[in-house]
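Comments concern the structure below.
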Amino acid sequence: MADPRRVEEGLGHAPLVHEDDKSNVGDGIKNEKEIERSIVIQDEPVEQKEEQSLVKQKSKRVATLDAFRGLTIVLMILVDDAGGAYERIDHSPWNGCTLADFVMPFFLFIVGVAIALALKRIPKINEAMKKIILRTLKLLFWGILLQGGYSHAPDDLFYGVDMKLIRWCGILQRIAVVYCFVAVIETLTTKRRPTVLEPGHFSIFTAYRWQWLGGFVAFLVYMITTYSLYVPDWSFVVPHNHEAKRYTVKCGMRGHLGPACNAVGYVDREVWGINHLYSSPVWSRLKACTLSSPNSGPFREDAPTWCRAPFEPEGLLSTISAILSSTIGIHYGHVLIHFKGHSERLKQWVSMGFGLLIIAIILHFTDAIPINKQLYSISYVCFTAGAAGIVFSGFYILIDVWGWRTPFLFLEWIGMNAMLVFVLGAQGILAGFVNGWYYKNRDNTLVNWIQTHVFINVWKSESLGTLLYVIFAEITFWGVVSGILHKLGIYWKL
């Protein structure tokens, strides 16, 4: 059973606000009723209070963070399983931003917020560092296991991967690297943190200058490498009719932001090897590659060679840029800690959110730096972090200020058990287990029967039936399961 206080990885439970810090996070409140209204909380189970954690004081949970994390998991399930039916909510083939493109930066944003609160007090730095490294290794292990090619759930009923083709990068791997980087800085600078902020609008930034310095270093590394690294010609092999056909991509340039010759892809080919990259990149849905664009379809006869090439959307250089998403998230957590009133917090959050959106829009529509998830461009960082800040602020108003907690309870429950829902739901492990019990042939499974006969045939539309199946048989199902597990006090921790 998980300790609800262990939340740094962003896939655990909500971050914490300490009882003795109510004066720092309240709204100038005086009595118990106002306290409960200011921060929606839930007491920890008795046995979990005895467990040791990075923060030893009795803690309270902020509902907004669980709800935001739950929303991110729900979006992931929706776009992964309904994106095939509605391609326009799936990842943008290259430049631009769709619903699916918000999932990863929303995860990283909430990781940052969680770190700020979970590592607010650190009794022993060495112990904290050990736990950070251990949790990072656990995330890396689960990421490689689930997305490295070993698991083929839910459709294929076998396990195993050729080590020559294993994929080293993925969602959890990116979260692990970003979490480790940001959490280590937060831990090592614990003695440099101010107890009380100095007057001034920018004091919250100067108080945590080391965190921003870390983000700025990541920004410099990404920008310098992206625009100055020389990308030579490269080639790859595609199996075709039991034969291997080699394709060559002509480059020989610097600073290119297109699919073929960008530095992000070049770094991954050199570091990981081209056989260890994601083999079905979304750029194959571009008009240059298929006449079915923005949907998937057969390649055009005159399609460029790179249309068939692998590309790693969670690669090394783009992960360095992704550090900025958590850096902005940790700033939101620091605001929650230091500012007393709702209006003061929201002023900080909303102004930064809209500021980031404006910067992103200017960069994108002037063609200076297009919004691009695959490259994790700086404009993409600003756009998605700004959106995350606005959504987070909206949740805070609805749940913590106005007290509208009930409509968002299912998101809270999913957010409390986000790792479990991610593994069993979003990665299809439970559906794969159910599909293992088939009748006569492997396509005749309970999952397929429900999707076909209860949803698609009833609504006489594959697209609408698939969408309704995802909403009711997956998202609603996991909301109910998470609620039951919460009532039983069962959480999956890392």
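Scheme for the structure tokens: letters A, B, ... for chains in order shown; per-chain residue numbers from 1; ligand numbers from 1 in order shown.
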task = Could you find all residues in stretch 45-243 of chain A that DSSP calls strand (DSSP E) from the backbone, and write them as a PyMOL selection string?
result = chain A and resi 59-61+230-231+234-240+243
Give me the residues near stretch 196-200 of chain A as a PDB file with N, CA, C and O atoms, in the first residue's frame, where near means some atom within 12 Å (using only C-alpha atoms) and where sequence neighbours in that chain fewer than 3 positions away do not count.
ATOM      1  N   ASP A  21       2.034  24.893   8.382  1.00  0.00           N
ATOM      2  CA  ASP A  21       2.265  25.941   7.401  1.00  0.00           C
ATOM      3  C   ASP A  21       0.963  26.528   6.880  1.00  0.00           C
ATOM      4  O   ASP A  21       0.913  27.128   5.829  1.00  0.00           O
ATOM      5  N   SER A  23      -0.559  28.968   7.795  1.00  0.00           N
ATOM      6  CA  SER A  23      -0.467  30.415   7.681  1.00  0.00           C
ATOM      7  C   SER A  23       0.204  30.827   6.385  1.00  0.00           C
ATOM      8  O   SER A  23       0.005  31.915   5.893  1.00  0.00           O
ATOM      9  N   ASN A  24       1.014  29.934   5.817  1.00  0.00           N
ATOM     10  CA  ASN A  24       1.707  30.255   4.580  1.00  0.00           C
ATOM     11  C   ASN A  24       0.875  29.970   3.351  1.00  0.00           C
ATOM     12  O   ASN A  24       1.162  30.461   2.277  1.00  0.00           O
ATOM     13  N   ARG A 192      19.332  27.001   0.949  1.00  0.00           N
ATOM     14  CA  ARG A 192      19.382  28.338   0.365  1.00  0.00           C
ATOM     15  C   ARG A 192      17.982  28.931   0.190  1.00  0.00           C
ATOM     16  O   ARG A 192      17.839  30.031  -0.326  1.00  0.00           O
ATOM     17  N   ARG A 193      16.977  28.176   0.612  1.00  0.00           N
ATOM     18  CA  ARG A 193      15.608  28.657   0.425  1.00  0.00           C
ATOM     19  C   ARG A 193      15.231  29.671   1.488  1.00  0.00           C
ATOM     20  O   ARG A 193      15.564  29.505   2.659  1.00  0.00           O
ATOM     21  N   SER A 203      10.317  38.532  -6.420  1.00  0.00           N
ATOM     22  CA  SER A 203      11.061  37.904  -5.330  1.00  0.00           C
ATOM     23  C   SER A 203      10.936  36.392  -5.352  1.00  0.00           C
ATOM     24  O   SER A 203      11.863  35.678  -4.939  1.00  0.00           O
ATOM     25  N   ILE A 204       9.818  35.866  -5.837  1.00  0.00           N
ATOM     26  CA  ILE A 204       9.629  34.410  -5.915  1.00  0.00           C
ATOM     27  C   ILE A 204      10.607  33.794  -6.912  1.00  0.00           C
ATOM     28  O   ILE A 204      11.028  32.652  -6.773  1.00  0.00           O
ATOM     29  N   PHE A 205      11.007  34.580  -7.920  1.00  0.00           N
ATOM     30  CA  PHE A 205      11.971  34.091  -8.910  1.00  0.00           C
ATOM     31  C   PHE A 205      13.393  34.141  -8.355  1.00  0.00           C
ATOM     32  O   PHE A 205      14.171  33.199  -8.517  1.00  0.00           O
ATOM     33  N   THR A 206      13.750  35.226  -7.717  1.00  0.00           N
ATOM     34  CA  THR A 206      15.106  35.353  -7.176  1.00  0.00           C
ATOM     35  C   THR A 206      15.330  34.407  -5.998  1.00  0.00           C
ATOM     36  O   THR A 206      16.456  33.957  -5.767  1.00  0.00           O
ATOM     37  N   ALA A 207      14.261  34.101  -5.265  1.00  0.00           N
ATOM     38  CA  ALA A 207      14.394  33.190  -4.119  1.00  0.00           C
ATOM     39  C   ALA A 207      14.777  31.790  -4.566  1.00  0.00           C
ATOM     40  O   ALA A 207      15.435  31.048  -3.828  1.00  0.00           O
ATOM     41  N   TYR A 208      14.365  31.415  -5.762  1.00  0.00           N
ATOM     42  CA  TYR A 208      14.655  30.078  -6.277  1.00  0.00           C
ATOM     43  C   TYR A 208      15.483  30.190  -7.556  1.00  0.00           C
ATOM     44  O   TYR A 208      15.199  29.538  -8.566  1.00  0.00           O
ATOM     45  N   HIS A 334       6.073  26.518  -5.755  1.00  0.00           N
ATOM     46  CA  HIS A 334       6.660  27.504  -4.840  1.00  0.00           C
ATOM     47  C   HIS A 334       5.676  28.640  -4.540  1.00  0.00           C
ATOM     48  O   HIS A 334       5.622  29.137  -3.417  1.00  0.00           O
ATOM     49  N   VAL A 335       4.914  29.028  -5.549  1.00  0.00           N
ATOM     50  CA  VAL A 335       3.895  30.057  -5.329  1.00  0.00           C
ATOM     51  C   VAL A 335       2.855  29.558  -4.333  1.00  0.00           C
ATOM     52  O   VAL A 335       2.433  30.300  -3.424  1.00  0.00           O
ATOM     53  N   ILE A 337       3.285  27.524  -1.945  1.00  0.00           N
ATOM     54  CA  ILE A 337       3.889  27.482  -0.617  1.00  0.00           C
ATOM     55  C   ILE A 337       3.976  28.876   0.012  1.00  0.00           C
ATOM     56  O   ILE A 337       3.645  29.064   1.185  1.00  0.00           O
ATOM     57  N   HIS A 338       4.402  29.859  -0.756  1.00  0.00           N
ATOM     58  CA  HIS A 338       4.777  31.155  -0.179  1.00  0.00           C
ATOM     59  C   HIS A 338       3.670  32.197  -0.156  1.00  0.00           C
ATOM     60  O   HIS A 338       3.708  33.104   0.673  1.00  0.00           O
ATOM     61  N   PHE A 339       2.715  32.116  -1.050  1.00  0.00           N
ATOM     62  CA  PHE A 339       1.684  33.148  -1.108  1.00  0.00           C
ATOM     63  C   PHE A 339       0.450  32.716  -0.334  1.00  0.00           C
ATOM     64  O   PHE A 339      -0.026  31.587  -0.474  1.00  0.00           O
ATOM     65  N   LYS A 340      -0.074  33.629   0.465  1.00  0.00           N
ATOM     66  CA  LYS A 340      -1.123  33.277   1.411  1.00  0.00           C
ATOM     67  C   LYS A 340      -2.512  33.236   0.796  1.00  0.00           C
ATOM     68  O   LYS A 340      -3.282  32.332   1.072  1.00  0.00           O
ATOM     69  N   GLN A 348      -0.207  35.349  -9.654  1.00  0.00           N
ATOM     70  CA  GLN A 348       1.080  34.814 -10.107  1.00  0.00           C
ATOM     71  C   GLN A 348       0.895  33.758 -11.196  1.00  0.00           C
ATOM     72  O   GLN A 348       1.566  33.775 -12.231  1.00  0.00           O
TER      73      GLN A 348
END
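Counting only C-alpha atoms and comparing A:Gly428, A:Gly353, A:Gly465, A:Pro259, the residue that lies closest to A:Trp94 is A:Pro259.
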query = Out of A:Ile77, A:Ile328, A:Leu277, A:Leu356, which residue has the shortest atom-to-atom distance to A:Phe422 when counting only C-alpha atoms?
reply =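 Among the listed residues, the smallest separation from A:Phe422 belongs to A:Ile77.
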Which residues, written as a PDB file with all heavy atoms, in the first residue's frame, have at least one atom at most 8 Å from stretch 181-184 of chain A, with only C-alpha atoms counted and residues fewer than 6 positions away on the same chain left out?
ATOM      1  N   GLU A   8       6.785  12.540  -5.689  1.00  0.00           N
ATOM      2  CA  GLU A   8       7.711  13.318  -6.495  1.00  0.00           C
ATOM      3  C   GLU A   8       7.719  12.885  -7.954  1.00  0.00           C
ATOM      4  O   GLU A   8       8.033  13.665  -8.835  1.00  0.00           O
ATOM      5  CB  GLU A   8       9.140  13.205  -5.927  1.00  0.00           C
ATOM      6  CG  GLU A   8       9.264  13.721  -4.513  1.00  0.00           C
ATOM      7  CD  GLU A   8       9.086  12.618  -3.498  1.00  0.00           C
ATOM      8  OE1 GLU A   8       8.269  11.711  -3.730  1.00  0.00           O
ATOM      9  OE2 GLU A   8       9.755  12.667  -2.464  1.00  0.00           O
ATOM     10  N   GLY A 112       6.671  18.872 -11.514  1.00  0.00           N
ATOM     11  CA  GLY A 112       7.331  20.018 -10.894  1.00  0.00           C
ATOM     12  C   GLY A 112       6.580  20.541  -9.687  1.00  0.00           C
ATOM     13  O   GLY A 112       7.176  20.809  -8.635  1.00  0.00           O
ATOM     14  N   ILE A 115       7.063  18.129  -6.790  1.00  0.00           N
ATOM     15  CA  ILE A 115       8.394  18.189  -6.180  1.00  0.00           C
ATOM     16  C   ILE A 115       8.497  19.359  -5.217  1.00  0.00           C
ATOM     17  O   ILE A 115       9.042  19.233  -4.107  1.00  0.00           O
ATOM     18  CB  ILE A 115       9.478  18.285  -7.274  1.00  0.00           C
ATOM     19  CG1 ILE A 115       9.592  16.963  -8.033  1.00  0.00           C
ATOM     20  CG2 ILE A 115      10.830  18.659  -6.673  1.00  0.00           C
ATOM     21  CD1 ILE A 115      10.500  17.023  -9.244  1.00  0.00           C
ATOM     22  N   LEU A 119       9.123  18.078  -1.420  1.00  0.00           N
ATOM     23  CA  LEU A 119      10.476  18.319  -0.910  1.00  0.00           C
ATOM     24  C   LEU A 119      10.572  19.668  -0.215  1.00  0.00           C
ATOM     25  O   LEU A 119      11.633  20.290  -0.161  1.00  0.00           O
ATOM     26  CB  LEU A 119      11.493  18.247  -2.054  1.00  0.00           C
ATOM     27  CG  LEU A 119      11.566  16.919  -2.801  1.00  0.00           C
ATOM     28  CD1 LEU A 119      12.652  16.965  -3.861  1.00  0.00           C
ATOM     29  CD2 LEU A 119      11.811  15.762  -1.836  1.00  0.00           C
ATOM     30  N   MET A 129      18.332  12.123  -1.365  1.00  0.00           N
ATOM     31  CA  MET A 129      19.004  11.834  -2.630  1.00  0.00           C
ATOM     32  C   MET A 129      18.908  10.354  -2.985  1.00  0.00           C
ATOM     33  O   MET A 129      18.681  10.000  -4.148  1.00  0.00           O
ATOM     34  CB  MET A 129      20.474  12.258  -2.546  1.00  0.00           C
ATOM     35  CG  MET A 129      20.679  13.768  -2.505  1.00  0.00           C
ATOM     36  SD  MET A 129      20.191  14.578  -4.048  1.00  0.00           S
ATOM     37  CE  MET A 129      21.405  13.896  -5.160  1.00  0.00           C
ATOM     38  N   ILE A 132      15.449   9.713  -4.288  1.00  0.00           N
ATOM     39  CA  ILE A 132      15.281  10.281  -5.625  1.00  0.00           C
ATOM     40  C   ILE A 132      15.910   9.368  -6.672  1.00  0.00           C
ATOM     41  O   ILE A 132      15.299   9.064  -7.707  1.00  0.00           O
ATOM     42  CB  ILE A 132      15.895  11.689  -5.688  1.00  0.00           C
ATOM     43  CG1 ILE A 132      15.058  12.675  -4.870  1.00  0.00           C
ATOM     44  CG2 ILE A 132      15.995  12.173  -7.139  1.00  0.00           C
ATOM     45  CD1 ILE A 132      15.723  14.019  -4.664  1.00  0.00           C
ATOM     46  N   GLN A 211      16.949  26.924  -9.236  1.00  0.00           N
ATOM     47  CA  GLN A 211      16.042  26.135 -10.057  1.00  0.00           C
ATOM     48  C   GLN A 211      15.918  26.739 -11.456  1.00  0.00           C
ATOM     49  O   GLN A 211      15.931  26.012 -12.464  1.00  0.00           O
ATOM     50  CB  GLN A 211      14.658  26.054  -9.386  1.00  0.00           C
ATOM     51  CG  GLN A 211      14.597  25.120  -8.194  1.00  0.00           C
ATOM     52  CD  GLN A 211      15.193  25.709  -6.926  1.00  0.00           C
ATOM     53  OE1 GLN A 211      15.798  26.778  -6.934  1.00  0.00           O
ATOM     54  NE2 GLN A 211      15.020  25.012  -5.812  1.00  0.00           N
ATOM     55  N   GLY A 214      19.078  26.108 -13.450  1.00  0.00           N
ATOM     56  CA  GLY A 214      19.076  24.765 -14.033  1.00  0.00           C
ATOM     57  C   GLY A 214      18.238  24.714 -15.298  1.00  0.00           C
ATOM     58  O   GLY A 214      18.644  24.114 -16.313  1.00  0.00           O
ATOM     59  N   ILE A 323      12.854  19.519 -19.536  1.00  0.00           N
ATOM     60  CA  ILE A 323      13.157  19.937 -18.163  1.00  0.00           C
ATOM     61  C   ILE A 323      12.473  21.268 -17.845  1.00  0.00           C
ATOM     62  O   ILE A 323      12.052  21.514 -16.713  1.00  0.00           O
ATOM     63  CB  ILE A 323      14.683  20.038 -17.971  1.00  0.00           C
ATOM     64  CG1 ILE A 323      15.306  18.627 -17.979  1.00  0.00           C
ATOM     65  CG2 ILE A 323      15.042  20.782 -16.690  1.00  0.00           C
ATOM     66  CD1 ILE A 323      16.825  18.630 -18.008  1.00  0.00           C
ATOM     67  N   SER A 326       8.937  21.062 -16.252  1.00  0.00           N
ATOM     68  CA  SER A 326       8.908  20.832 -14.804  1.00  0.00           C
ATOM     69  C   SER A 326       9.461  22.024 -14.033  1.00  0.00           C
ATOM     70  O   SER A 326       9.050  22.270 -12.895  1.00  0.00           O
ATOM     71  CB  SER A 326       9.704  19.571 -14.449  1.00  0.00           C
ATOM     72  OG  SER A 326       8.909  18.419 -14.640  1.00  0.00           O
ATOM     73  N   THR A 327      10.393  22.752 -14.630  1.00  0.00           N
ATOM     74  CA  THR A 327      10.900  23.959 -13.975  1.00  0.00           C
ATOM     75  C   THR A 327       9.778  24.973 -13.781  1.00  0.00           C
ATOM     76  O   THR A 327       9.671  25.609 -12.720  1.00  0.00           O
ATOM     77  CB  THR A 327      12.035  24.584 -14.803  1.00  0.00           C
ATOM     78  OG1 THR A 327      13.090  23.625 -14.967  1.00  0.00           O
ATOM     79  CG2 THR A 327      12.584  25.826 -14.129  1.00  0.00           C
TER      80      THR A 327
END
ask   = Which residues, written as a list in words, have at least one atom at most 8 Å from A:Thr136, with only C-alpha atoms counted and residues fewer than 6 positions away on the same chain left out?
value = Glu9, Ala176, Val177, Tyr179 and Cys180 of chain A
Output file for the selection above: all heavy atoms, as a tab-separated table (two decimals), in the first residue's frame:
chain	number	residue	atom	x	y	z
A	9	GLU	N	7.42	11.59	-8.22
A	9	GLU	CA	7.51	11.14	-9.59
A	9	GLU	C	6.39	11.64	-10.46
A	9	GLU	O	6.42	11.48	-11.67
A	9	GLU	CB	7.55	9.61	-9.65
A	9	GLU	CG	6.21	8.92	-9.35
A	9	GLU	CD	5.93	8.81	-7.87
A	9	GLU	OE1	6.73	9.30	-7.06
A	9	GLU	OE2	4.90	8.22	-7.53
A	176	ALA	N	11.32	10.19	-15.70
A	176	ALA	CA	12.39	9.83	-14.76
A	176	ALA	C	13.55	10.81	-14.83
A	176	ALA	O	14.05	11.29	-13.81
A	176	ALA	CB	12.87	8.41	-15.04
A	177	VAL	N	14.01	11.11	-16.04
A	177	VAL	CA	15.16	11.99	-16.22
A	177	VAL	C	14.84	13.41	-15.74
A	177	VAL	O	15.62	14.03	-15.02
A	177	VAL	CB	15.61	12.00	-17.69
A	177	VAL	CG1	16.69	13.06	-17.92
A	177	VAL	CG2	16.12	10.62	-18.11
A	179	TYR	N	12.41	14.37	-13.69
A	179	TYR	CA	12.18	14.33	-12.25
A	179	TYR	C	13.51	14.34	-11.49
A	179	TYR	O	13.69	15.11	-10.53
A	179	TYR	CB	11.38	13.09	-11.87
A	179	TYR	CG	11.55	12.66	-10.44
A	179	TYR	CD1	10.98	13.38	-9.40
A	179	TYR	CD2	12.31	11.54	-10.11
A	179	TYR	CE1	11.15	13.01	-8.08
A	179	TYR	CE2	12.49	11.15	-8.80
A	179	TYR	CZ	11.90	11.89	-7.79
A	179	TYR	OH	12.08	11.51	-6.49
A	180	CYS	N	14.45	13.50	-11.91
A	180	CYS	CA	15.73	13.42	-11.23
A	180	CYS	C	16.46	14.75	-11.27
A	180	CYS	O	16.97	15.23	-10.25
A	180	CYS	CB	16.58	12.32	-11.87
A	180	CYS	SG	18.15	12.02	-11.03
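In this structure, atom CA of A:Pro93 sits 15.8 Å away from atom CA of A:His364.
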query = Looking at only C-alpha atoms, which of A:Arg345, A:Lys493, A:Leu75, A:Arg405 is the one that sits closest to A:Asp90?
reply = A:Leu75
ask   = Counting only C-alpha atoms, what is within 10 Å of A:Leu446, bar same-chain residues fewer than 4 positions away, as a PyMOL selection string?
value = chain A and resi 431+434-439+450-452
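Using only C-alpha atoms, the smallest distance between any of A:Gln427, A:Ser293, A:Ser284, A:Ser343 and A:Ile397 comes from A:Ser343.
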Leaving out stretch 101-104 of chain A and any residue of its chain fewer than 2 positions from it, which residues lie within 7 Å of it when counting only C-alpha atoms, given as an mmCIF file with C-alpha atoms, in the first residue's frame?
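Written file, part09.cif:
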data_model
loop_
_atom_site.group_PDB
_atom_site.id
_atom_site.type_symbol
_atom_site.label_atom_id
_atom_site.label_comp_id
_atom_site.auth_asym_id
_atom_site.auth_seq_id
_atom_site.Cartn_x
_atom_site.Cartn_y
_atom_site.Cartn_z
ATOM 1 C CA THR A 72 -3.773 14.074 -17.639
ATOM 2 C CA LEU A 75 -6.457 12.625 -21.723
ATOM 3 C CA MET A 76 -3.780 10.002 -22.340
ATOM 4 C CA HIS A 91 -0.505 13.933 -32.107
ATOM 5 C CA CYS A 97 -0.505 21.270 -31.286
ATOM 6 C CA THR A 98 -3.460 18.917 -30.799
ATOM 7 C CA LEU A 99 -5.147 17.503 -27.705
ATOM 8 C CA PHE A 106 0.997 18.307 -18.415
ATOM 9 C CA PHE A 107 2.642 15.306 -16.737
ATOM 10 C CA LEU A 108 5.944 17.123 -16.426
ATOM 11 C CA LYS A 373 5.962 18.338 -29.918
ATOM 12 C CA THR A 384 1.821 23.790 -23.210
#
remark   = For A:Gly479, the closest of A:Leu430, A:Phe141, A:Phe408, A:Met253 counting only C-alpha atoms is A:Phe408
key: Those in stretch 236-355 of chain A with alpha helix (DSSP H) from DSSP, as an MDAnalysis selection string   = chainID A and resid 263:271 316:338 342:355
Serialized selection, N, CA and C atoms, as a CSV table (one decimal), in the first residue's frame:
chain,number,residue,atom,x,y,z
A,263,ALA,N,18.5,18.4,-35.6
A,263,ALA,CA,19.5,17.9,-34.7
A,263,ALA,C,18.9,16.9,-33.6
A,264,VAL,N,17.7,17.1,-33.3
A,264,VAL,CA,17.0,16.2,-32.3
A,264,VAL,C,17.1,14.8,-32.7
A,265,GLY,N,16.7,14.5,-34.0
A,265,GLY,CA,16.8,13.1,-34.5
A,265,GLY,C,18.2,12.6,-34.6
A,266,TYR,N,19.1,13.5,-35.1
A,266,TYR,CA,20.5,13.2,-35.3
A,266,TYR,C,21.2,12.7,-33.9
A,267,VAL,N,20.9,13.5,-32.9
A,267,VAL,CA,21.5,13.1,-31.6
A,267,VAL,C,21.0,11.7,-31.1
A,268,ASP,N,19.7,11.4,-31.3
A,268,ASP,CA,19.2,10.1,-30.9
A,268,ASP,C,19.8,9.0,-31.8
A,269,ARG,N,20.0,9.2,-33.1
A,269,ARG,CA,20.6,8.2,-33.9
A,269,ARG,C,22.0,7.9,-33.5
A,270,GLU,N,22.7,8.9,-33.1
A,270,GLU,CA,24.1,8.8,-32.7
A,270,GLU,C,24.3,8.1,-31.3
A,271,VAL,N,23.4,8.5,-30.4
A,271,VAL,CA,23.5,8.1,-29.0
A,271,VAL,C,22.9,6.7,-28.8
A,316,LEU,N,16.7,12.2,-26.4
A,316,LEU,CA,17.6,12.8,-25.4
A,316,LEU,C,17.6,14.3,-25.5
A,317,LEU,N,17.8,14.9,-26.6
A,317,LEU,CA,17.8,16.4,-26.7
A,317,LEU,C,16.4,17.0,-26.4
A,318,SER,N,15.4,16.3,-26.9
A,318,SER,CA,14.0,16.9,-26.6
A,318,SER,C,13.7,16.7,-25.1
A,319,THR,N,14.3,15.7,-24.4
A,319,THR,CA,14.1,15.5,-23.0
A,319,THR,C,14.8,16.6,-22.2
A,320,ILE,N,15.9,17.1,-22.7
A,320,ILE,CA,16.6,18.2,-22.1
A,320,ILE,C,15.7,19.4,-22.1
A,321,SER,N,15.1,19.7,-23.3
A,321,SER,CA,14.1,20.8,-23.4
A,321,SER,C,12.9,20.6,-22.4
A,322,ALA,N,12.5,19.3,-22.3
A,322,ALA,CA,11.4,19.0,-21.4
A,322,ALA,C,11.6,19.4,-19.9
A,323,ILE,N,12.9,19.5,-19.5
A,323,ILE,CA,13.2,19.9,-18.2
A,323,ILE,C,12.5,21.3,-17.8
A,324,LEU,N,12.3,22.1,-18.9
A,324,LEU,CA,11.7,23.4,-18.6
A,324,LEU,C,10.2,23.3,-18.2
A,325,SER,N,9.6,22.3,-18.7
A,325,SER,CA,8.2,22.1,-18.3
A,325,SER,C,8.0,21.9,-16.8
A,326,SER,N,8.9,21.1,-16.3
A,326,SER,CA,8.9,20.8,-14.8
A,326,SER,C,9.5,22.0,-14.0
A,327,THR,N,10.4,22.8,-14.6
A,327,THR,CA,10.9,24.0,-14.0
A,327,THR,C,9.8,25.0,-13.8
A,328,ILE,N,8.9,25.1,-14.8
A,328,ILE,CA,7.8,26.0,-14.7
A,328,ILE,C,6.8,25.5,-13.6
A,329,GLY,N,6.6,24.1,-13.7
A,329,GLY,CA,5.7,23.5,-12.7
A,329,GLY,C,6.2,23.7,-11.3
A,330,ILE,N,7.5,23.6,-11.0
A,330,ILE,CA,8.0,23.8,-9.7
A,330,ILE,C,7.8,25.2,-9.2
A,331,HIS,N,7.8,26.1,-10.1
A,331,HIS,CA,7.5,27.5,-9.8
A,331,HIS,C,6.1,27.7,-9.2
A,332,TYR,N,5.2,27.0,-9.9
A,332,TYR,CA,3.8,27.0,-9.4
A,332,TYR,C,3.7,26.4,-8.0
A,333,GLY,N,4.4,25.4,-7.8
A,333,GLY,CA,4.5,24.8,-6.4
A,333,GLY,C,5.0,25.8,-5.4
A,334,HIS,N,6.1,26.5,-5.8
A,334,HIS,CA,6.7,27.5,-4.8
A,334,HIS,C,5.7,28.6,-4.5
A,335,VAL,N,4.9,29.0,-5.5
A,335,VAL,CA,3.9,30.1,-5.3
A,335,VAL,C,2.9,29.6,-4.3
A,336,LEU,N,2.5,28.3,-4.5
A,336,LEU,CA,1.5,27.7,-3.5
A,336,LEU,C,2.0,27.7,-2.1
A,337,ILE,N,3.3,27.5,-1.9
A,337,ILE,CA,3.9,27.5,-0.6
A,337,ILE,C,4.0,28.9,0.0
A,338,HIS,N,4.4,29.9,-0.8
A,338,HIS,CA,4.8,31.2,-0.2
A,338,HIS,C,3.7,32.2,-0.2
A,342,HIS,N,-5.7,33.4,-2.0
A,342,HIS,CA,-6.1,32.8,-3.3
A,342,HIS,C,-5.8,33.8,-4.4
A,343,SER,N,-6.2,35.1,-4.2
A,343,SER,CA,-6.0,36.1,-5.3
A,343,SER,C,-4.5,36.3,-5.6
A,344,GLU,N,-3.6,36.2,-4.5
A,344,GLU,CA,-2.2,36.4,-4.8
A,344,GLU,C,-1.6,35.2,-5.6
A,345,ARG,N,-2.0,34.0,-5.2
A,345,ARG,CA,-1.6,32.8,-6.0
A,345,ARG,C,-2.0,32.9,-7.4
A,346,LEU,N,-3.3,33.2,-7.6
A,346,LEU,CA,-3.9,33.2,-8.9
A,346,LEU,C,-3.3,34.3,-9.8
A,347,LYS,N,-3.0,35.4,-9.2
A,347,LYS,CA,-2.3,36.5,-9.9
A,347,LYS,C,-1.0,36.0,-10.5
A,348,GLN,N,-0.2,35.3,-9.7
A,348,GLN,CA,1.1,34.8,-10.1
A,348,GLN,C,0.9,33.8,-11.2
A,349,TRP,N,0.0,32.8,-10.9
A,349,TRP,CA,-0.2,31.7,-11.9
A,349,TRP,C,-0.8,32.1,-13.2
A,350,VAL,N,-1.8,32.9,-13.2
A,350,VAL,CA,-2.5,33.3,-14.4
A,350,VAL,C,-1.7,34.2,-15.2
A,351,SER,N,-1.0,35.2,-14.6
A,351,SER,CA,-0.1,36.1,-15.4
A,351,SER,C,1.0,35.3,-16.1
A,352,MET,N,1.6,34.4,-15.4
A,352,MET,CA,2.6,33.6,-16.0
A,352,MET,C,2.1,32.7,-17.1
A,353,GLY,N,0.9,32.1,-16.9
A,353,GLY,CA,0.3,31.2,-17.9
A,353,GLY,C,0.0,32.0,-19.2
A,354,PHE,N,-0.6,33.2,-19.1
A,354,PHE,CA,-1.0,33.9,-20.3
A,354,PHE,C,0.3,34.5,-20.9
A,355,GLY,N,1.3,34.9,-20.1
A,355,GLY,CA,2.5,35.3,-20.6
A,355,GLY,C,3.2,34.3,-21.5
ask   = Can you tell me, as a PyMOL selection string, what residues are no more than 6 Å from stretch 377-381 of chain A when counting only C-alpha atoms, ignoring any on the same chain fewer than 5 positions away?
value = chain A and resi 360+371-372
Limited to N, CA and C atoms, could you put the picked residues into a file as a CSV table (one decimal), in the first residue's frame?
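Now in out_38.csv:
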chain,number,residue,atom,x,y,z
A,360,ALA,N,4.6,31.9,-26.9
A,360,ALA,CA,4.5,30.8,-27.8
A,360,ALA,C,3.8,31.2,-29.1
A,371,ILE,N,5.7,25.7,-33.0
A,371,ILE,CA,5.3,24.8,-31.9
A,371,ILE,C,5.4,23.4,-32.5
A,372,ASN,N,6.2,22.6,-31.8
A,372,ASN,CA,6.4,21.2,-32.3
A,372,ASN,C,6.7,20.3,-31.2
request  = Record the distance separating atom CA of A:Tyr230 and atom CA of A:Arg254, expressed in Å with one decimal.
outcome  = 4.8 Å
